[in-house]
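Some notes on the structure that comes next.
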Amino acid sequence: MRLLSYLLDGEARYGAAVDGGVVDLTRRIGRDYSDVKALIAANALAEAQEAVAGQKPDHALDKLVLLPPVLAPEKLWCIGVNYAERNAEYKDNSDLPKYPSLFVRSMSSMTGSGQPIEKPKVSDQLDYEGELVIVVGQGGRHIPREKAWSHIFGMTLCNEGTIRDWLRHGKFNVTQGKNFDRSGSIGPWIVTSDELDPRGPHDIITRVNGEVRQQDTTERLMFPFDFLISYLSTFATLKPGDMIVTGTPTGAGARFDPPRWLRSGDVVEVESSRIGVLRNTVMAEQ
């Protein structure tokens, strides 16, 4: 099932993407699950599937304003330096990391597929980072690695947009450069684990104006999905709907010489063959 969130007449709603459009689930399921996160928390996927079966679409997909699939996850974790050769891009002669780099983003820094991502007034260094995202289903603490796969509800995509010159404003963090309003995007939907085995392998590709900039596969992750679930749950309780943005391959704009920053009008596409395409156009902040 492909679950998504969207705006209709100013109201946030959710549904399932099917051939020909979207079946609205907002009030179709017997119990009132207010959004995708509530549906995940209630373990109500089977009810959603039953509600969609045999239904004609309520809306055309291209007529909807898409939102990030989970509107208000308690935690939006982001993993850095996770693909082979990423560590070498830093050219600091450091050893491979023993543990993942980790930071968090607010949902105000994210928009949905098809919506503009924003190049801020204060910087010309807006960069793209195409990434796969795992969505937590069953939560928990101290999750053993061998049980981690059962805690993944599904997968989606992220352009983890970054303002490069703001990453080092502080001595020990990258938070500022990772949290500009509307600088990144998540979507277009969550493909649930019953249809898409998170064990993979999964491909990931990023294009800017049709040009391939990043391309890799989860077979080359230094910290695989099951490790991340187990590691994160060692110090924090994972909650239904939490999202883990699992790292970007080599080839971000900052790594070119000279750097290739995003400009107003550029189109960024993040694609994985069994998930779909997350597509956004860059717009300058007004």
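For the structure tokens, the naming scheme is as follows: chains receive sequential letters (A, B, ...) according to their order of presentation, residues are indexed from 1 within each chain, and ligands are indexed from 1 in presentation order.
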
Problem set entry | Residues of range 70-271 of chain A in alpha helix (DSSP H), written as a list of chain:residue names |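 The residues of range 70-271 of chain A classed as alpha helix (DSSP H) are A:Arg86, A:Asn87, A:Ala88, A:Glu89, A:Phe225, A:Asp226, A:Phe227, A:Leu228, A:Ile229, A:Ser230, A:Tyr231, A:Leu232, A:Ser233, A:Thr234, A:Phe235.
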
Exercise: Phe235 in chain A partners within 12 Å, only C-alpha atoms, chain neighbours under 6 positions left out, as a tab-separated table (two decimals) with N, CA, C and O atoms, in the first residue's frame:
```tsv
chain	number	residue	atom	x	y	z
A	140	GLY	N	9.59	1.05	20.36
A	140	GLY	CA	10.26	0.26	21.36
A	140	GLY	C	11.59	0.84	21.78
A	140	GLY	O	12.12	1.76	21.16
A	141	ARG	N	12.14	0.27	22.84
A	141	ARG	CA	13.45	0.65	23.37
A	141	ARG	C	14.30	-0.60	23.46
A	141	ARG	O	13.79	-1.69	23.70
A	142	HIS	N	15.60	-0.45	23.25
A	142	HIS	CA	16.54	-1.57	23.31
A	142	HIS	C	16.10	-2.72	22.38
A	142	HIS	O	15.99	-3.86	22.78
A	143	ILE	N	15.83	-2.35	21.13
A	143	ILE	CA	15.37	-3.33	20.14
A	143	ILE	C	16.57	-4.13	19.66
A	143	ILE	O	17.53	-3.56	19.12
A	228	LEU	N	20.62	0.63	12.46
A	228	LEU	CA	20.14	1.95	12.87
A	228	LEU	C	18.98	1.84	13.84
A	228	LEU	O	18.93	2.58	14.84
A	229	ILE	N	18.04	0.95	13.58
A	229	ILE	CA	16.91	0.75	14.49
A	229	ILE	C	17.42	0.34	15.88
A	229	ILE	O	17.00	0.90	16.91
```

For this session: Just the strand (DSSP E or B) stuff from range 28-240 of chain A, please, per backbone DSSP, written as a PyMOL selection string.
Result: chain A and resi 59+65-67+76-80+83+101-104+110-111+117-119+126-127+130-136+140+152-159+162-163+184-192+203-208+211-217+221+238

Produce a table with one row for each residue of range 100-120 of chain A that has an atom at most 9 Å from any atom of range 71-77 of chain A, each row naming the nearest atom pair and its distance in Å at one decimal; use only C-alpha atoms; arrange rows by chain and rising residue number; format as JSON lines.
```
{"residue": "A:Leu102", "atom": "CA", "partner": "A:Trp77", "partner_atom": "CA", "distance": 7.1}
{"residue": "A:Phe103", "atom": "CA", "partner": "A:Trp77", "partner_atom": "CA", "distance": 6.2}
{"residue": "A:Val104", "atom": "CA", "partner": "A:Trp77", "partner_atom": "CA", "distance": 4.8}
{"residue": "A:Arg105", "atom": "CA", "partner": "A:Leu76", "partner_atom": "CA", "distance": 5.8}
{"residue": "A:Ser106", "atom": "CA", "partner": "A:Leu76", "partner_atom": "CA", "distance": 6.9}
{"residue": "A:Met107", "atom": "CA", "partner": "A:Ala72", "partner_atom": "CA", "distance": 6.9}
```

Problem set entry | Contacts of Gly247 in chain A at 12 Å (only C-alpha atoms; same-chain gap of 4+ positions) as a ChimeraX atom specification | /A:77-84,86-87,100-103,128-134,157-160,204,214,216-218,220-225,228,252

Problem set entry | Selection: 7 Å around Ala60 in chain A, only C-alpha atoms, excl. self and same-chain fewer than 6 positions, as a list in words | Gly20, Gly21 and Val22 of chain A

Seminar exercise, completed: If you count only C-alpha atoms, the residue of A:Arg255, A:Tyr231, A:Leu262, A:Ser272 closest to Tyr99 in chain A turns out to be A:Tyr231

Problem set entry | Top pick for closest residue to Lys63 in chain A, considering A:Phe256, A:Tyr33, A:Tyr6, A:Phe227 and counting only C-alpha atoms | A:Tyr6

Would you mind listing what lies within 12 Å of Arg274 in chain A as a compact mmCIF listing (two decimals) with N, CA and C atoms, in the first residue's frame, with only C-alpha atoms counted and same-chain residues fewer than 2 positions away left out?
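Result saved to part_34.txt:
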```txt
# COMPACT_ATOMS: atom_id res chain seq x y z
N MET A 1 0.84 -1.19 0.00
CA MET A 1 0.00 0.00 0.00
C MET A 1 0.88 1.25 0.00
N ARG A 2 0.44 2.27 -0.72
CA ARG A 2 1.15 3.55 -0.76
C ARG A 2 0.29 4.59 -0.04
N LEU A 132 17.04 7.51 1.26
CA LEU A 132 15.96 6.60 1.61
C LEU A 132 15.57 6.82 3.06
N GLY A 154 7.42 0.92 6.83
CA GLY A 154 7.55 1.11 5.39
C GLY A 154 8.67 2.07 5.07
N MET A 155 8.72 2.50 3.81
CA MET A 155 9.80 3.36 3.34
C MET A 155 9.27 4.50 2.48
N THR A 156 10.00 5.61 2.52
CA THR A 156 9.71 6.73 1.64
C THR A 156 11.04 7.36 1.24
N LEU A 157 11.00 8.56 0.65
CA LEU A 157 12.19 9.22 0.11
C LEU A 157 12.33 10.62 0.70
N TRP A 189 5.05 9.20 -0.87
CA TRP A 189 4.20 8.35 -0.04
C TRP A 189 5.06 7.36 0.70
N ILE A 190 4.44 6.64 1.63
CA ILE A 190 5.08 5.50 2.29
C ILE A 190 4.65 4.24 1.58
N VAL A 191 5.61 3.44 1.13
CA VAL A 191 5.30 2.11 0.62
C VAL A 191 5.47 1.15 1.79
N THR A 192 4.40 0.43 2.14
CA THR A 192 4.40 -0.38 3.36
C THR A 192 5.23 -1.65 3.19
N SER A 193 5.73 -2.15 4.32
CA SER A 193 6.70 -3.26 4.29
C SER A 193 6.11 -4.57 3.77
N GLU A 195 4.54 -4.80 1.08
CA GLU A 195 4.73 -4.72 -0.37
C GLU A 195 6.18 -4.45 -0.76
N LEU A 196 6.96 -3.95 0.16
CA LEU A 196 8.34 -3.56 -0.13
C LEU A 196 9.21 -4.00 1.04
N ASP A 197 9.91 -5.10 0.87
CA ASP A 197 10.74 -5.64 1.95
C ASP A 197 11.87 -4.66 2.25
N PRO A 198 11.93 -4.10 3.45
CA PRO A 198 12.99 -3.12 3.74
C PRO A 198 14.39 -3.71 3.72
N GLY A 200 15.73 -5.07 1.34
CA GLY A 200 16.28 -4.66 0.07
C GLY A 200 16.92 -5.78 -0.73
N PRO A 201 17.87 -5.43 -1.60
CA PRO A 201 18.52 -4.12 -1.71
C PRO A 201 17.62 -3.07 -2.36
N HIS A 202 17.92 -1.80 -2.04
CA HIS A 202 17.18 -0.68 -2.61
C HIS A 202 18.15 0.28 -3.29
N ASP A 203 17.77 0.72 -4.48
CA ASP A 203 18.57 1.70 -5.19
C ASP A 203 18.15 3.10 -4.79
N ILE A 204 19.05 4.05 -5.02
CA ILE A 204 18.75 5.46 -4.76
C ILE A 204 19.47 6.28 -5.82
N ILE A 205 18.75 7.23 -6.42
CA ILE A 205 19.33 8.07 -7.47
C ILE A 205 18.80 9.49 -7.29
N GLU A 271 14.83 9.30 -6.56
CA GLU A 271 14.07 8.14 -7.02
C GLU A 271 14.64 6.85 -6.46
N SER A 272 13.74 5.95 -6.12
CA SER A 272 14.09 4.55 -5.86
C SER A 272 13.08 3.71 -6.61
N GLY A 276 9.30 5.12 -5.90
CA GLY A 276 8.75 6.14 -6.79
C GLY A 276 9.70 7.30 -6.91
N VAL A 277 9.16 8.48 -7.20
CA VAL A 277 9.97 9.68 -7.42
C VAL A 277 9.45 10.81 -6.54
```

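Among the candidate residues A:Gly10, A:Gly251, A:Gly187, A:Pro57, the one lying nearest to Val23 in chain A is A:Pro57, with distances computed using only C-alpha atoms.
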
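Minimum distance to Val267 in chain A across A:Gln215, A:Ser233, A:Thr248, A:Thr206 (counting only C-alpha atoms) occurs at A:Thr206.
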
For this session: Could you give me, as a VMD selection string, the residues within 6 Å of Arg207 in chain A, counting only C-alpha atoms and dropping anything in the same chain fewer than 2 positions from it?
Result: chain A and resid 210 to 213 268 to 269

Nearby residues (only C-alpha atoms) at most 6 Å from range 113-116 of chain A, same-chain spacing under 2 positions excluded, as a short mmCIF file (atom, residue, chain, number, x, y, z; two decimals) with N, CA and C atoms, in the first residue's frame:
```cif
data_model
loop_
_atom_site.label_atom_id
_atom_site.label_comp_id
_atom_site.auth_asym_id
_atom_site.auth_seq_id
_atom_site.Cartn_x
_atom_site.Cartn_y
_atom_site.Cartn_z
N LEU A 66 0.50 17.67 -2.15
CA LEU A 66 1.02 16.61 -1.29
C LEU A 66 1.81 17.19 -0.12
N GLY A 187 8.63 12.31 0.71
CA GLY A 187 7.47 11.78 0.01
C GLY A 187 7.88 10.90 -1.18
N PRO A 188 7.00 10.68 -2.15
CA PRO A 188 5.63 11.21 -2.16
C PRO A 188 4.68 10.45 -1.23
N LEU A 278 10.37 11.41 -5.80
CA LEU A 278 10.13 12.63 -5.05
C LEU A 278 10.67 13.78 -5.89
N ARG A 279 9.80 14.70 -6.28
CA ARG A 279 10.20 15.75 -7.23
C ARG A 279 9.84 17.13 -6.66
N ASN A 280 10.81 18.05 -6.69
CA ASN A 280 10.56 19.41 -6.20
C ASN A 280 11.32 20.41 -7.06
N THR A 281 10.74 21.59 -7.19
CA THR A 281 11.38 22.71 -7.89
C THR A 281 11.88 23.70 -6.86
N VAL A 282 13.07 24.25 -7.09
CA VAL A 282 13.65 25.22 -6.17
C VAL A 282 13.01 26.60 -6.42
N MET A 283 12.67 27.27 -5.33
CA MET A 283 12.09 28.61 -5.41
C MET A 283 12.85 29.51 -4.43
#
```
